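A.B. asks: Got a file for you: entry-v6.cif, mmCIF, C-alpha atoms and all ligand atoms.
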data_protein
#
loop_
_atom_site.label_atom_id
_atom_site.label_comp_id
_atom_site.auth_asym_id
_atom_site.auth_seq_id
_atom_site.Cartn_x
_atom_site.Cartn_y
_atom_site.Cartn_z
CA MET A 1 14.63 20.96 34.81
CA SER A 2 11.53 22.59 36.28
CA GLY A 3 10.90 21.90 39.97
CA THR A 4 7.34 20.78 39.34
CA VAL A 5 7.79 18.49 36.35
CA LEU A 6 8.68 14.90 37.16
CA PRO A 7 11.75 13.78 35.23
CA VAL A 8 11.51 11.13 32.55
CA ILE A 9 14.44 9.24 31.09
CA ALA A 10 13.31 8.05 27.62
CA ILE A 11 15.03 5.03 26.12
CA ASP A 12 14.01 3.97 22.62
CA GLY A 13 15.35 1.41 20.21
CA PRO A 14 14.59 -1.66 18.12
CA SER A 15 13.80 -5.16 19.42
CA ALA A 16 16.60 -6.86 21.37
CA SER A 17 18.78 -3.74 21.35
CA GLY A 18 19.16 -4.10 25.11
CA LYS A 19 16.94 -1.12 25.93
CA GLY A 20 14.77 -3.03 28.42
CA THR A 21 17.73 -4.35 30.41
CA ILE A 22 19.38 -0.92 30.42
CA ALA A 23 16.13 0.80 31.43
CA ARG A 24 15.62 -1.49 34.43
CA VAL A 25 19.17 -0.91 35.71
CA VAL A 26 18.86 2.85 35.23
CA ALA A 27 15.47 2.91 37.01
CA ASP A 28 16.96 0.96 39.93
CA HIS A 29 19.93 3.28 40.11
CA PHE A 30 17.84 6.45 40.41
CA GLY A 31 14.99 4.81 42.36
CA PHE A 32 12.64 5.75 39.51
CA HIS A 33 9.55 3.91 38.26
CA TYR A 34 9.86 1.87 35.10
CA LEU A 35 7.57 1.67 32.08
CA ASP A 36 8.01 -1.15 29.58
CA SER A 37 5.71 0.32 26.93
CA GLY A 38 6.25 -2.68 24.65
CA ALA A 39 4.55 -4.82 27.30
CA ILE A 40 1.43 -2.66 26.95
CA TYR A 41 1.34 -3.22 23.17
CA ARG A 42 2.02 -6.91 23.74
CA ALA A 43 -0.73 -7.21 26.37
CA LEU A 44 -3.16 -5.52 23.99
CA ALA A 45 -2.16 -7.95 21.24
CA LEU A 46 -2.76 -10.89 23.57
CA ALA A 47 -6.11 -9.52 24.79
CA ALA A 48 -7.21 -8.96 21.19
CA ARG A 49 -6.15 -12.46 20.17
CA ARG A 50 -7.99 -14.00 23.11
CA ALA A 51 -11.12 -12.03 22.28
CA GLY A 52 -10.86 -12.77 18.54
CA THR A 53 -11.03 -9.01 17.99
CA ASP A 54 -10.77 -7.54 14.51
CA ASP A 55 -9.04 -4.21 13.81
CA THR A 56 -12.20 -2.14 14.20
CA ASP A 57 -12.64 -3.16 17.84
CA LEU A 58 -9.02 -2.73 18.84
CA VAL A 59 -9.45 0.80 20.17
CA HIS A 60 -12.26 -0.39 22.42
CA VAL A 61 -10.08 -3.26 23.73
CA ALA A 62 -7.18 -0.80 24.20
CA ARG A 63 -9.30 1.59 26.27
CA ASN A 64 -10.66 -1.21 28.46
CA LEU A 65 -7.52 -3.25 28.89
CA ASP A 66 -7.36 -4.67 32.43
CA LEU A 67 -3.58 -4.57 32.72
CA ARG A 68 -1.36 -4.29 35.77
CA PHE A 69 2.34 -4.77 36.40
CA SER A 70 3.70 -6.43 39.50
CA GLY A 71 7.49 -6.26 39.48
CA GLU A 72 8.42 -8.00 36.25
CA ALA A 73 5.08 -9.83 36.05
CA VAL A 74 2.35 -8.75 33.63
CA LEU A 75 -1.20 -9.30 34.92
CA LEU A 76 -3.90 -9.36 32.25
CA ASP A 77 -7.50 -9.65 33.46
CA GLY A 78 -6.05 -10.34 36.91
CA GLU A 79 -4.02 -13.35 35.74
CA ASP A 80 -0.29 -13.76 35.25
CA ALA A 81 0.33 -13.52 31.49
CA THR A 82 4.06 -12.75 31.63
CA ASP A 83 5.31 -15.68 29.53
CA GLU A 84 2.58 -15.41 26.93
CA VAL A 85 3.08 -11.66 26.58
CA ARG A 86 6.82 -12.16 26.00
CA SER A 87 6.40 -14.82 23.31
CA GLU A 88 7.62 -14.13 19.76
CA ASP A 89 4.19 -14.51 18.15
CA VAL A 90 2.59 -12.03 20.55
CA GLY A 91 5.52 -9.64 19.88
CA ASN A 92 4.87 -9.89 16.14
CA LEU A 93 1.17 -9.30 16.59
CA ALA A 94 1.96 -6.30 18.83
CA SER A 95 4.18 -4.87 16.11
CA ARG A 96 1.27 -5.14 13.63
CA ILE A 97 -1.28 -3.61 16.01
CA ALA A 98 1.17 -0.81 16.79
CA THR A 99 0.95 0.48 13.21
CA ILE A 100 -2.62 1.71 13.85
CA ALA A 101 -2.63 5.39 14.84
CA ALA A 102 -5.95 5.20 16.75
CA VAL A 103 -4.60 2.33 18.86
CA ARG A 104 -1.47 4.31 19.73
CA GLU A 105 -3.63 7.29 20.68
CA ALA A 106 -5.83 5.07 22.90
CA LEU A 107 -2.73 3.91 24.82
CA LEU A 108 -1.19 7.36 25.37
CA ALA A 109 -2.85 8.29 28.67
CA ARG A 110 -2.14 4.83 30.09
CA GLN A 111 1.57 5.29 29.39
CA ARG A 112 1.72 8.86 30.70
CA ALA A 113 0.07 7.72 33.96
CA PHE A 114 3.37 6.00 34.84
CA ARG A 115 4.97 9.39 35.36
CA ILE A 116 4.86 9.52 39.12
CA ALA A 117 7.29 10.73 41.80
CA PRO A 118 10.22 10.62 41.99
CA GLY A 119 10.56 10.01 38.23
CA LEU A 120 10.28 7.51 35.40
CA VAL A 121 12.46 5.51 33.07
CA ALA A 122 10.39 4.58 29.99
CA ASP A 123 11.45 2.30 27.17
CA GLY A 124 9.88 1.69 23.79
CA ARG A 125 9.88 3.09 20.27
CA ASP A 126 8.33 6.54 20.68
CA MET A 127 9.02 7.47 24.30
CA ALA A 128 11.14 10.47 23.31
CA SER A 129 9.27 11.50 20.18
CA VAL A 130 5.61 11.20 21.22
CA VAL A 131 4.82 9.99 24.73
CA PHE A 132 7.34 12.05 26.74
CA PRO A 133 8.70 14.69 24.37
CA ASP A 134 9.83 16.72 27.42
CA ALA A 135 12.02 13.87 28.74
CA VAL A 136 15.09 15.25 30.53
CA ILE A 137 17.26 12.83 28.61
CA LYS A 138 16.54 10.86 25.44
CA VAL A 139 18.60 7.84 24.47
CA PHE A 140 18.40 5.84 21.27
CA VAL A 141 19.83 2.34 21.80
CA ALA A 142 21.01 0.47 18.73
CA ALA A 143 22.93 -2.70 17.88
CA SER A 144 23.59 -4.59 14.66
CA VAL A 145 20.90 -7.01 13.50
CA ALA A 146 23.39 -9.88 13.78
CA GLU A 147 24.17 -9.08 17.42
CA ARG A 148 20.52 -8.55 18.34
CA ALA A 149 19.55 -11.83 16.70
CA ARG A 150 22.38 -13.59 18.55
CA ARG A 151 21.17 -12.21 21.91
CA ARG A 152 17.55 -13.12 21.23
CA ALA A 153 18.43 -16.65 19.99
CA TRP A 154 20.53 -17.35 23.12
CA GLN A 155 17.68 -16.09 25.29
CA LEU A 156 15.16 -18.35 23.53
CA ALA A 157 17.55 -21.33 23.59
CA ARG A 158 18.12 -20.99 27.34
CA ALA A 159 14.38 -20.67 27.96
CA ALA A 160 13.57 -23.70 25.77
CA GLU A 161 16.27 -25.78 27.44
CA SER A 162 15.27 -24.93 31.00
CA ALA A 163 12.12 -27.04 30.57
CA LYS A 164 14.21 -30.16 29.91
CA GLY A 165 16.26 -30.16 33.14
CA LEU A 166 19.49 -31.57 31.58
CA MET A 167 22.83 -31.07 33.39
CA GLY A 168 26.46 -30.24 32.54
CA LYS A 169 27.81 -30.82 29.03
CA GLU A 170 24.58 -32.37 27.79
CA LYS A 171 22.76 -29.20 28.79
CA ASP A 172 25.38 -26.91 27.12
CA ASP A 173 25.31 -28.96 23.90
CA ASN A 174 21.54 -28.83 23.85
CA ILE A 175 21.48 -25.04 24.32
CA ALA A 176 24.10 -24.64 21.55
CA ALA A 177 22.04 -26.80 19.17
CA LEU A 178 18.87 -24.88 19.98
CA PHE A 179 20.75 -21.60 19.44
CA GLU A 180 21.87 -22.72 15.97
CA SER A 181 18.36 -23.75 15.03
CA PHE A 182 16.82 -20.47 16.29
CA LEU A 183 19.33 -18.04 14.79
CA GLY A 184 18.03 -18.03 11.19
CA PRO A 185 14.33 -17.60 11.96
CA VAL A 186 15.07 -15.05 14.70
CA THR A 187 17.16 -12.95 12.28
CA ALA A 188 14.39 -12.96 9.67
CA ASP A 189 11.86 -12.10 12.33
CA LEU A 190 13.88 -9.17 13.69
CA GLU A 191 14.40 -7.77 10.21
CA ALA A 192 10.67 -7.94 9.48
CA ARG A 193 9.83 -6.32 12.83
CA ASP A 194 12.45 -3.56 12.32
CA ARG A 195 10.96 -2.79 8.94
CA ARG A 196 7.40 -2.66 10.28
CA ASP A 197 8.34 -0.56 13.33
CA SER A 198 10.41 1.96 11.36
CA GLU A 199 8.39 2.25 8.16
CA ARG A 200 4.94 2.72 9.72
CA ALA A 201 3.34 6.16 9.36
CA ALA A 202 2.27 6.44 13.03
CA ALA A 203 5.15 7.23 15.41
CA PRO A 204 7.78 5.23 13.50
CA LEU A 205 10.88 4.04 15.31
CA ARG A 206 13.57 6.61 14.75
CA MET A 207 15.98 8.64 16.74
CA ALA A 208 14.23 11.67 18.25
CA GLU A 209 15.68 15.13 17.92
CA GLY A 210 18.10 15.78 20.74
CA ALA A 211 18.50 12.07 21.54
CA ARG A 212 21.89 10.53 22.29
CA TYR A 213 22.93 7.50 20.31
CA LEU A 214 24.19 4.41 22.13
CA ASP A 215 25.44 1.48 20.05
CA THR A 216 25.50 -1.60 22.30
CA THR A 217 26.86 -4.02 19.66
CA ASN A 218 30.17 -4.30 21.52
CA LEU A 219 29.00 -3.43 25.02
CA ASN A 220 27.67 -5.67 27.75
CA ALA A 221 24.53 -4.69 29.64
CA ALA A 222 26.45 -3.22 32.61
CA GLN A 223 28.62 -1.03 30.36
CA ALA A 224 25.61 0.19 28.40
CA ALA A 225 23.63 0.97 31.55
CA ALA A 226 26.62 2.79 33.11
CA THR A 227 26.81 5.07 30.06
CA VAL A 228 23.13 5.98 30.34
CA ILE A 229 23.45 6.50 34.11
CA ASP A 230 26.31 8.98 33.48
CA TRP A 231 24.31 10.90 30.87
CA ALA A 232 21.13 10.91 32.96
CA GLY A 233 23.01 11.85 36.15
CA ALA A 234 24.40 14.94 34.42
CA ALA A 235 20.99 15.86 32.98
CA LEU A 236 19.24 15.46 36.35
CA ARG A 237 21.72 17.58 38.32
CA PRO A 238 20.39 21.07 38.97
CA ALA A 239 22.25 23.63 36.87
O1 LIG B 1 9.71 -3.58 22.78
P1 LIG B 1 8.88 -4.79 22.43
O2 LIG B 1 9.56 -5.73 21.47
O3 LIG B 1 8.35 -5.50 23.63
O4 LIG B 1 7.58 -4.20 21.66
C1 LIG B 1 6.67 -5.04 20.97
C2 LIG B 1 6.07 -4.27 19.79
O5 LIG B 1 5.25 -3.20 20.26
C3 LIG B 1 7.09 -3.61 18.88
O6 LIG B 1 7.46 -4.44 17.80
C4 LIG B 1 6.40 -2.37 18.39
C5 LIG B 1 5.40 -2.05 19.45
N1 LIG B 1 5.78 -0.91 20.29
C6 LIG B 1 5.51 0.36 19.79
O7 LIG B 1 5.05 0.48 18.66
N2 LIG B 1 5.75 1.45 20.56
C7 LIG B 1 6.29 1.33 21.77
N3 LIG B 1 6.51 2.42 22.51
C8 LIG B 1 6.61 0.06 22.28
C9 LIG B 1 6.35 -1.05 21.51
#
Would it be possible to restate this file's structure as structure tokens?

C.D. replies:
Amino acid sequence: MSGTVLPVIAIDGPSASGKGTIARVVADHFGFHYLDSGAIYRALALAARRAGTDDTDLVHVARNLDLRFSGEAVLLDGEDATDEVRSEDVGNLASRIATIAAVREALLARQRAFRIAPGLVADGRDMASVVFPDAVIKVFVAASVAERARRRAWQLARAAESAKGLMGKEKDDNIAALFESFLGPVTADLEARDRRDSERAAAPLRMAEGARYLDTTNLNAAQAAATVIDWAGAALRPA
């Protein structure tokens, strides 16, 4: 590692692979900054939808996006848009917008600006291949579609239930019923998103050269993060 170049830990992978959770824990561990690049694509999708923008104006919207992060909150045009940005429909729109090469290009400098001292953990689809090709460590996080769909459906079920304020067994039964009803659509959605993200011509999702492969299908978040911390710790130590 050169003394002047700020280290980047690049973590790529498909939706709901666990990369975001891992990246946050790893960033905390090393005291590094954190870039959730998916949130930038999502915020652009939301801004474009709000403005009724067609594809030809997207680059303009991308260049002028008034986007800030405050902890885990996403501020778009100065207002908290965290929940909207995380919604499934905005995620799907982001995945569509992300196929456009000129849009990706327009977001490059914004992503690279997160590289500030003492270092950065960046997660997304093309962190290792395009945005930070000189990352000190590159990790590709994967998990089976079934497991990713299960994680996402539980997450959505818990979020949907929390609005109801039920207690005890009634609450658990309600979450379980919501989970069952979400699982099918979530699986179909993930498969469609995987296809779009990996088959697009511009910076498709795939494992970068030199990346390490981490399958989290049978790992919990703490185990997965500990593995990346070990790898990154070794890569960051001066030779
Ligand atoms: O990681 P995520 O689900 O929040 O990302 C939403 C969409 O944004 C994803 O389906 C594809 C796109 N994306 C991308 O193309 N490149 C990135 N580095 C991050 C996200």

A.B. asks: Rounded to one decimal in Å, what is the spacing between CA of Gly18 in chain A and CA of Asp215 in chain A?

C.D. replies: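 Going from CA of Gly18 in chain A over to CA of Asp215 in chain A covers 9.8 Å.
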
A.B. asks: Leaving out Gly78 in chain A and any residue of its chain fewer than 2 positions from it, which residues lie within 8 Å of it when counting only C-alpha atoms, given as a ChimeraX atom specification?

C.D. replies: /A:66-68,75-76,80

A.B. asks: Could you tell me, counting only C-alpha atoms and all ligand atoms, which protein and nucleic acid residues lie no more than 6 Å from ligand LIG 1 (chain B), written as a PyMOL selection string?

C.D. replies: chain A and resi 15+37-39+41-42+91+94-95+98+124-127+193+197

A.B. asks: Save the residues we just selected, C-alpha atoms, as a PDB file, in the frame of the given file?

C.D. replies:
ATOM      1  CA  SER A  15      13.800  -5.160  19.420  1.00  0.00           C
ATOM      2  CA  SER A  37       5.710   0.320  26.930  1.00  0.00           C
ATOM      3  CA  GLY A  38       6.250  -2.680  24.650  1.00  0.00           C
ATOM      4  CA  ALA A  39       4.550  -4.820  27.300  1.00  0.00           C
ATOM      5  CA  TYR A  41       1.340  -3.220  23.170  1.00  0.00           C
ATOM      6  CA  ARG A  42       2.020  -6.910  23.740  1.00  0.00           C
ATOM      7  CA  GLY A  91       5.520  -9.640  19.880  1.00  0.00           C
ATOM      8  CA  ALA A  94       1.960  -6.300  18.830  1.00  0.00           C
ATOM      9  CA  SER A  95       4.180  -4.870  16.110  1.00  0.00           C
ATOM     10  CA  ALA A  98       1.170  -0.810  16.790  1.00  0.00           C
ATOM     11  CA  GLY A 124       9.880   1.690  23.790  1.00  0.00           C
ATOM     12  CA  ARG A 125       9.880   3.090  20.270  1.00  0.00           C
ATOM     13  CA  ASP A 126       8.330   6.540  20.680  1.00  0.00           C
ATOM     14  CA  MET A 127       9.020   7.470  24.300  1.00  0.00           C
ATOM     15  CA  ARG A 193       9.830  -6.320  12.830  1.00  0.00           C
ATOM     16  CA  ASP A 197       8.340  -0.560  13.330  1.00  0.00           C
TER      17      ASP A 197
END

A.B. asks: Dig up all the protein and nucleic acid residues within 10 Å of (22.2, -10.1, 12.0) in the file frame, using only C-alpha atoms, and format them as a PDB file with C-alpha atoms, in the coordinates of the input.

C.D. replies:
ATOM      1  CA  ALA A 143      22.930  -2.700  17.880  1.00  0.00           C
ATOM      2  CA  SER A 144      23.590  -4.590  14.660  1.00  0.00           C
ATOM      3  CA  VAL A 145      20.900  -7.010  13.500  1.00  0.00           C
ATOM      4  CA  ALA A 146      23.390  -9.880  13.780  1.00  0.00           C
ATOM      5  CA  GLU A 147      24.170  -9.080  17.420  1.00  0.00           C
ATOM      6  CA  ARG A 148      20.520  -8.550  18.340  1.00  0.00           C
ATOM      7  CA  ALA A 149      19.550 -11.830  16.700  1.00  0.00           C
ATOM      8  CA  ARG A 150      22.380 -13.590  18.550  1.00  0.00           C
ATOM      9  CA  LEU A 183      19.330 -18.040  14.790  1.00  0.00           C
ATOM     10  CA  GLY A 184      18.030 -18.030  11.190  1.00  0.00           C
ATOM     11  CA  VAL A 186      15.070 -15.050  14.700  1.00  0.00           C
ATOM     12  CA  THR A 187      17.160 -12.950  12.280  1.00  0.00           C
ATOM     13  CA  ALA A 188      14.390 -12.960   9.670  1.00  0.00           C
ATOM     14  CA  LEU A 190      13.880  -9.170  13.690  1.00  0.00           C
ATOM     15  CA  GLU A 191      14.400  -7.770  10.210  1.00  0.00           C
TER      16      GLU A 191
END

A.B. asks: Residues at most 6 Å from range 19-36 of chain A, counting all atoms listed in the file, excluding those fewer than 5 positions away in the same chain, as a list in words?

C.D. replies: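 Returned residues: Pro118, Gly119, Leu120, Val121, Ala122, Asp123, Ala225 and Ile229 of chain A.
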
A.B. asks: Which of these residues is nearest to Ala128 in chain A, using only C-alpha atoms: A:Ala177, A:Ala192, A:Val141, A:Ala102?

C.D. replies: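 Checking each candidate against Ala128 in chain A, we get A:Val141 as the closest.
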
A.B. asks: Taking (-3.8, -5.3, 16.5) as a centre in this file's frame and 10 Å as the limit, can you find every polymer residue with an atom that close, using all atoms listed in the file, and give them as a PyMOL selection string?

C.D. replies: chain A and resi 41-42+44-49+53-59+61-62+92-100+103

A.B. asks: Which residue is closest to Ser162 in chain A? Choose from A:Ala201, A:Leu6, A:Ile175, A:Ala234 and count all atoms listed in the file.

C.D. replies: A:Ile175

A.B. asks: Nearest to Gln111 in chain A among A:Thr227, A:Ile40, A:Glu161, A:Leu236, with distances taken over all atoms listed in the file: which residue is it?

C.D. replies: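 Going through A:Thr227, A:Ile40, A:Glu161, A:Leu236 one by one, the smallest distance to Gln111 in chain A is for A:Ile40.
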
A.B. asks: I'd like the interatomic distance between CA of Asp230 in chain A and CA of Ala203 in chain A, to a tenth of an Å.

C.D. replies: 27.9 Å

A.B. asks: Interatomic distance between CA of Trp154 in chain A and CA of Ala222 in chain A?

C.D. replies: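 Taking CA of Trp154 in chain A and CA of Ala222 in chain A, their separation equals 18.0 Å.
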
A.B. asks: Where does range 29-118 of chain A meet range 129-137 of chain A within 12 Å, residue by residue, with the nearest atom pair and distance in Å to one decimal for each, counting all atoms listed in the file, listed by chain and rising number, as CSV?

C.D. replies:
residue,atom,partner,partner_atom,distance
A:Leu35,CA,A:Val131,CA,11.4
A:Ser37,CA,A:Val131,CA,10.0
A:Ala101,CA,A:Val130,CA,11.9
A:Arg104,CA,A:Val131,CA,9.8
A:Glu105,CA,A:Val131,CA,9.8
A:Ala106,CA,A:Val131,CA,11.9
A:Leu107,CA,A:Val131,CA,9.7
A:Leu108,CA,A:Val131,CA,6.6
A:Ala109,CA,A:Val131,CA,8.8
A:Arg110,CA,A:Val131,CA,10.2
A:Gln111,CA,A:Val131,CA,7.4
A:Arg112,CA,A:Val131,CA,6.8
A:Ala113,CA,A:Val131,CA,10.6
A:Phe114,CA,A:Phe132,CA,10.9
A:Arg115,CA,A:Phe132,CA,9.3
